[in-house]
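File shown: upload-v2.cif (mmCIF, C-alpha atoms, pLDDT in the B column; chains and numbers go by the auth columns).
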data_upload
#
loop_
_atom_site.group_PDB
_atom_site.id
_atom_site.type_symbol
_atom_site.label_atom_id
_atom_site.label_comp_id
_atom_site.label_asym_id
_atom_site.label_seq_id
_atom_site.Cartn_x
_atom_site.Cartn_y
_atom_site.Cartn_z
_atom_site.B_iso_or_equiv
_atom_site.auth_seq_id
_atom_site.auth_asym_id
ATOM 1 C CA MET A 1 11.310 20.485 12.546 58.00 1 A
ATOM 2 C CA SER A 2 12.465 22.123 9.285 76.00 2 A
ATOM 3 C CA GLU A 3 10.293 22.435 6.243 93.00 3 A
ATOM 4 C CA VAL A 4 10.728 19.919 3.436 96.00 4 A
ATOM 5 C CA HIS A 5 9.522 20.496 -0.130 97.00 5 A
ATOM 6 C CA ILE A 6 9.456 18.108 -3.074 98.00 6 A
ATOM 7 C CA VAL A 7 10.014 19.057 -6.702 98.00 7 A
ATOM 8 C CA ALA A 8 8.718 16.775 -9.465 98.00 8 A
ATOM 9 C CA ILE A 9 10.446 17.390 -12.805 98.00 9 A
ATOM 10 C CA ASN A 10 8.963 15.734 -15.897 97.00 10 A
ATOM 11 C CA VAL A 11 7.314 12.902 -13.964 97.00 11 A
ATOM 12 C CA ARG A 12 5.090 11.483 -16.689 95.00 12 A
ATOM 13 C CA SER A 13 2.744 9.219 -14.707 93.00 13 A
ATOM 14 C CA VAL A 14 -0.198 10.890 -12.996 91.00 14 A
ATOM 15 C CA LEU A 15 -0.322 7.862 -10.685 92.00 15 A
ATOM 16 C CA ASN A 16 3.242 8.527 -9.509 94.00 16 A
ATOM 17 C CA VAL A 17 2.400 12.174 -8.877 94.00 17 A
ATOM 18 C CA GLY A 18 -0.693 11.129 -6.926 92.00 18 A
ATOM 19 C CA ALA A 19 1.432 8.787 -4.813 92.00 19 A
ATOM 20 C CA LEU A 20 3.891 11.624 -4.096 95.00 20 A
ATOM 21 C CA PHE A 21 0.967 13.778 -2.911 93.00 21 A
ATOM 22 C CA ARG A 22 -0.289 11.006 -0.655 93.00 22 A
ATOM 23 C CA THR A 23 3.128 10.527 0.958 93.00 23 A
ATOM 24 C CA ALA A 24 3.592 14.297 1.242 93.00 24 A
ATOM 25 C CA ASP A 25 0.308 14.516 3.132 93.00 25 A
ATOM 26 C CA ALA A 26 1.251 11.658 5.466 92.00 26 A
ATOM 27 C CA LEU A 27 4.649 13.178 6.292 94.00 27 A
ATOM 28 C CA GLY A 28 3.710 16.861 6.512 94.00 28 A
ATOM 29 C CA ILE A 29 5.674 18.014 3.468 96.00 29 A
ATOM 30 C CA GLU A 30 5.523 21.795 3.102 96.00 30 A
ATOM 31 C CA LYS A 31 4.817 22.010 -0.628 97.00 31 A
ATOM 32 C CA ILE A 32 5.027 20.112 -3.907 97.00 32 A
ATOM 33 C CA TRP A 33 6.516 21.954 -6.872 98.00 33 A
ATOM 34 C CA ILE A 34 5.361 20.640 -10.247 97.00 34 A
ATOM 35 C CA THR A 35 7.644 21.377 -13.192 97.00 35 A
ATOM 36 C CA GLY A 36 8.088 20.457 -16.822 97.00 36 A
ATOM 37 C CA TYR A 37 5.331 18.229 -18.140 96.00 37 A
ATOM 38 C CA THR A 38 4.480 16.685 -14.757 96.00 38 A
ATOM 39 C CA PRO A 39 0.665 16.386 -14.473 93.00 39 A
ATOM 40 C CA THR A 40 -1.017 18.746 -12.023 90.00 40 A
ATOM 41 C CA PRO A 41 -3.648 17.777 -9.434 89.00 41 A
ATOM 42 C CA ASP A 42 -6.457 18.868 -11.737 84.00 42 A
ATOM 43 C CA HIS A 43 -5.793 15.778 -13.886 79.00 43 A
ATOM 44 C CA PRO A 44 -8.906 13.542 -13.632 74.00 44 A
ATOM 45 C CA ARG A 45 -6.910 10.396 -12.729 74.00 45 A
ATOM 46 C CA MET A 46 -4.957 12.051 -9.896 69.00 46 A
ATOM 47 C CA LYS A 47 -7.553 11.227 -7.241 71.00 47 A
ATOM 48 C CA LYS A 48 -7.068 7.493 -7.856 71.00 48 A
ATOM 49 C CA THR A 49 -3.750 7.446 -6.014 70.00 49 A
ATOM 50 C CA SER A 50 -3.719 10.719 -4.082 70.00 50 A
ATOM 51 C CA LEU A 51 -6.973 9.899 -2.238 67.00 51 A
ATOM 52 C CA GLY A 52 -7.654 13.605 -1.729 72.00 52 A
ATOM 53 C CA ALA A 53 -4.122 14.600 -0.692 71.00 53 A
ATOM 54 C CA GLU A 54 -4.016 17.013 -3.642 78.00 54 A
ATOM 55 C CA ALA A 55 -6.483 19.111 -1.626 77.00 55 A
ATOM 56 C CA THR A 56 -4.407 19.083 1.593 85.00 56 A
ATOM 57 C CA VAL A 57 -0.830 19.523 0.334 86.00 57 A
ATOM 58 C CA PRO A 58 0.044 22.952 -1.039 93.00 58 A
ATOM 59 C CA TRP A 59 1.412 22.844 -4.575 95.00 59 A
ATOM 60 C CA GLU A 60 2.609 25.187 -7.259 96.00 60 A
ATOM 61 C CA GLN A 61 3.362 24.717 -10.931 97.00 61 A
ATOM 62 C CA VAL A 62 6.489 26.335 -12.342 97.00 62 A
ATOM 63 C CA VAL A 63 6.781 25.081 -15.909 95.00 63 A
ATOM 64 C CA ASP A 64 10.534 25.710 -16.277 97.00 64 A
ATOM 65 C CA PRO A 65 12.434 23.286 -13.984 97.00 65 A
ATOM 66 C CA ILE A 66 15.585 25.446 -13.824 98.00 66 A
ATOM 67 C CA GLU A 67 13.555 28.523 -12.883 98.00 67 A
ATOM 68 C CA CYS A 68 11.912 26.506 -10.101 98.00 68 A
ATOM 69 C CA LEU A 69 15.220 25.207 -8.701 98.00 69 A
ATOM 70 C CA ASP A 70 16.851 28.638 -8.858 97.00 70 A
ATOM 71 C CA ARG A 71 13.828 30.222 -7.191 97.00 71 A
ATOM 72 C CA LEU A 72 13.970 27.739 -4.306 98.00 72 A
ATOM 73 C CA ARG A 73 17.701 28.254 -3.827 97.00 73 A
ATOM 74 C CA ALA A 74 17.317 32.049 -3.944 98.00 74 A
ATOM 75 C CA SER A 75 14.727 31.826 -1.151 97.00 75 A
ATOM 76 C CA GLY A 76 17.157 29.983 1.138 97.00 76 A
ATOM 77 C CA ILE A 77 15.944 26.442 0.514 97.00 77 A
ATOM 78 C CA ARG A 78 18.732 23.882 0.101 97.00 78 A
ATOM 79 C CA VAL A 79 18.002 21.761 -2.981 98.00 79 A
ATOM 80 C CA TYR A 80 18.886 18.054 -3.086 97.00 80 A
ATOM 81 C CA GLY A 81 18.610 16.164 -6.379 97.00 81 A
ATOM 82 C CA LEU A 82 17.681 12.489 -5.933 97.00 82 A
ATOM 83 C CA GLU A 83 19.625 10.597 -8.583 95.00 83 A
ATOM 84 C CA LEU A 84 21.968 7.639 -8.994 89.00 84 A
ATOM 85 C CA ALA A 85 25.128 9.491 -9.927 88.00 85 A
ATOM 86 C CA GLU A 86 28.842 9.008 -9.290 87.00 86 A
ATOM 87 C CA ASP A 87 29.060 12.200 -7.248 88.00 87 A
ATOM 88 C CA ALA A 88 25.944 11.476 -5.162 94.00 88 A
ATOM 89 C CA SER A 89 25.981 11.301 -1.374 94.00 89 A
ATOM 90 C CA ASP A 90 24.268 8.489 0.515 94.00 90 A
ATOM 91 C CA LEU A 91 20.759 9.662 1.441 94.00 91 A
ATOM 92 C CA ALA A 92 21.092 8.051 4.888 91.00 92 A
ATOM 93 C CA MET A 93 24.001 10.376 5.675 92.00 93 A
ATOM 94 C CA ILE A 94 22.018 13.575 5.022 89.00 94 A
ATOM 95 C CA ALA A 95 20.387 15.440 7.906 86.00 95 A
ATOM 96 C CA PRO A 96 19.175 18.836 6.696 88.00 96 A
ATOM 97 C CA SER A 97 19.219 21.535 9.371 85.00 97 A
ATOM 98 C CA GLY A 98 17.066 24.072 7.548 92.00 98 A
ATOM 99 C CA PRO A 99 14.490 24.335 4.794 96.00 99 A
ATOM 100 C CA CYS A 100 15.188 21.883 1.980 96.00 100 A
ATOM 101 C CA ALA A 101 13.750 20.454 -1.202 98.00 101 A
ATOM 102 C CA ILE A 102 14.043 16.989 -2.725 97.00 102 A
ATOM 103 C CA VAL A 103 14.059 16.891 -6.516 98.00 103 A
ATOM 104 C CA VAL A 104 12.808 13.804 -8.355 98.00 104 A
ATOM 105 C CA GLY A 105 12.905 13.354 -12.114 96.00 105 A
ATOM 106 C CA ASN A 106 11.472 11.449 -15.018 94.00 106 A
ATOM 107 C CA GLU A 107 10.762 7.735 -14.545 91.00 107 A
ATOM 108 C CA VAL A 108 13.156 6.705 -17.341 90.00 108 A
ATOM 109 C CA GLU A 109 15.698 9.506 -17.713 92.00 109 A
ATOM 110 C CA GLY A 110 15.873 10.794 -14.137 92.00 110 A
ATOM 111 C CA LEU A 111 17.377 14.242 -13.723 95.00 111 A
ATOM 112 C CA SER A 112 19.417 15.818 -16.505 95.00 112 A
ATOM 113 C CA ARG A 113 22.973 17.006 -15.866 95.00 113 A
ATOM 114 C CA MET A 114 21.749 20.603 -16.193 96.00 114 A
ATOM 115 C CA GLN A 115 19.040 20.006 -13.588 97.00 115 A
ATOM 116 C CA MET A 116 21.555 18.383 -11.239 96.00 116 A
ATOM 117 C CA ASP A 117 23.890 21.351 -11.741 96.00 117 A
ATOM 118 C CA HIS A 118 21.155 23.612 -10.324 97.00 118 A
ATOM 119 C CA CYS A 119 20.918 21.538 -7.124 97.00 119 A
ATOM 120 C CA ASP A 120 23.074 22.156 -4.051 97.00 120 A
ATOM 121 C CA GLU A 121 23.802 18.452 -3.629 96.00 121 A
ATOM 122 C CA ILE A 122 22.957 15.135 -5.285 97.00 122 A
ATOM 123 C CA VAL A 123 21.841 12.275 -3.055 97.00 123 A
ATOM 124 C CA MET A 124 21.062 8.642 -3.816 95.00 124 A
ATOM 125 C CA ILE A 125 19.463 5.640 -2.203 93.00 125 A
ATOM 126 C CA PRO A 126 22.097 2.876 -2.099 89.00 126 A
ATOM 127 C CA GLN A 127 20.828 -0.316 -3.696 87.00 127 A
ATOM 128 C CA VAL A 128 22.058 -3.887 -3.549 85.00 128 A
ATOM 129 C CA GLY A 129 19.608 -5.629 -5.888 80.00 129 A
ATOM 130 C CA THR A 130 19.963 -6.351 -9.589 77.00 130 A
ATOM 131 C CA LYS A 131 17.806 -3.409 -10.671 76.00 131 A
ATOM 132 C CA GLU A 132 19.460 -0.023 -10.961 75.00 132 A
ATOM 133 C CA SER A 133 16.562 2.136 -9.874 81.00 133 A
ATOM 134 C CA LEU A 134 13.371 2.450 -7.870 89.00 134 A
ATOM 135 C CA ASN A 135 9.991 3.754 -8.971 93.00 135 A
ATOM 136 C CA VAL A 136 10.055 7.563 -8.700 95.00 136 A
ATOM 137 C CA ALA A 137 7.161 7.656 -6.221 95.00 137 A
ATOM 138 C CA ILE A 138 8.846 5.034 -4.019 95.00 138 A
ATOM 139 C CA ALA A 139 12.243 6.764 -4.163 96.00 139 A
ATOM 140 C CA GLY A 140 10.665 10.157 -3.497 96.00 140 A
ATOM 141 C CA SER A 141 8.735 8.718 -0.554 96.00 141 A
ATOM 142 C CA ILE A 142 11.877 7.195 0.964 95.00 142 A
ATOM 143 C CA ALA A 143 13.677 10.533 0.608 95.00 143 A
ATOM 144 C CA MET A 144 10.776 12.496 2.111 95.00 144 A
ATOM 145 C CA TRP A 145 10.736 10.178 5.128 94.00 145 A
ATOM 146 C CA GLN A 146 14.510 10.410 5.561 94.00 146 A
ATOM 147 C CA PHE A 147 14.497 14.203 5.356 93.00 147 A
ATOM 148 C CA LYS A 148 11.571 14.592 7.776 90.00 148 A
ATOM 149 C CA LYS A 149 13.264 12.158 10.173 82.00 149 A
ATOM 150 C CA GLY A 150 16.523 14.070 9.963 63.00 150 A
ATOM 151 C CA THR A 151 15.158 17.583 10.439 52.00 151 A
#

When written as structure tokens, how does the structure in this file appear?
Amino acid sequence: MSEVHIVAINVRSVLNVGALFRTADALGIEKIWITGYTPTPDHPRMKKTSLGAEATVPWEQVVDPIECLDRLRASGIRVYGLELAEDASDLAMIAPSGPCAIVVGNEVEGLSRMQMDHCDEIVMIPQVGTKESLNVAIAGSIAMWQFKKGT
């Protein structure tokens, strides 16, 4: 089974970050990369949703999101941006065969064009409802499960 990382760029809610840690722990995610102004596990409210997963999932803070994405790519990790975009591939059709990272963005703005340009591929979760997006922790969790299932 290949390693899967998750990158959180400018996720503003500490509760969403805690939920990503909890899912990462459940699914055996290799590492969480925290970038931009995303809260780190030392935030006092993190434990409310992470339930201790911040102590079991390795994590690293790289303040500059582009530096983080470029660093992952340079180390041989294929980087997938999770975003509703015209050029995005259906997440269900992706089956990574080597180390990979899923990038999630801000709850309102998502990933910027520049951030997407530093990913190897953009993927999306097809939706049929009236809302145009999912909560970042939910979307990230779906993607983590899909990538772990496919590796």

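With only C-alpha atoms as the atoms that count, the residue of A:Val57, A:Met114, A:Ala95, A:Leu84 with the shortest distance to Val136 (chain A) is A:Leu84.
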
Expected selection from the PyMOL selection byres ((chain A and resi 119) around 8), given as a list in words: Leu69, Arg78, Val79, Tyr80, Gly81, Gln115, Met116, Asp117, His118, Asp120, Glu121 and Ile122 of chain A

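Nearest to Ala101 (chain A) of all the residues A:Asp25, A:Glu132, A:Glu83, A:Glu3 is A:Glu3, based on all atoms listed in the file.
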
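CA of Glu86 (chain A) lies 27.9 Å from CA of Ile29 (chain A).
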
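All residues of protein, DNA or RNA that reach within 9 Å of Thr23 (chain A), judged by only C-alpha atoms and not counting those fewer than 2 positions away in the chain, are Gly18, Ala19, Leu20, Phe21, Asp25, Ala26, Leu27, Gly28, Ile29, Ser50, Ala53, Ala137, Gly140, Ser141, Met144 and Trp145 of chain A.
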
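Residue nearest Gln127 (chain A), chosen from A:Ala92, A:Ile66, A:Cys100, A:Ala24 and counting only C-alpha atoms: A:Ala92.
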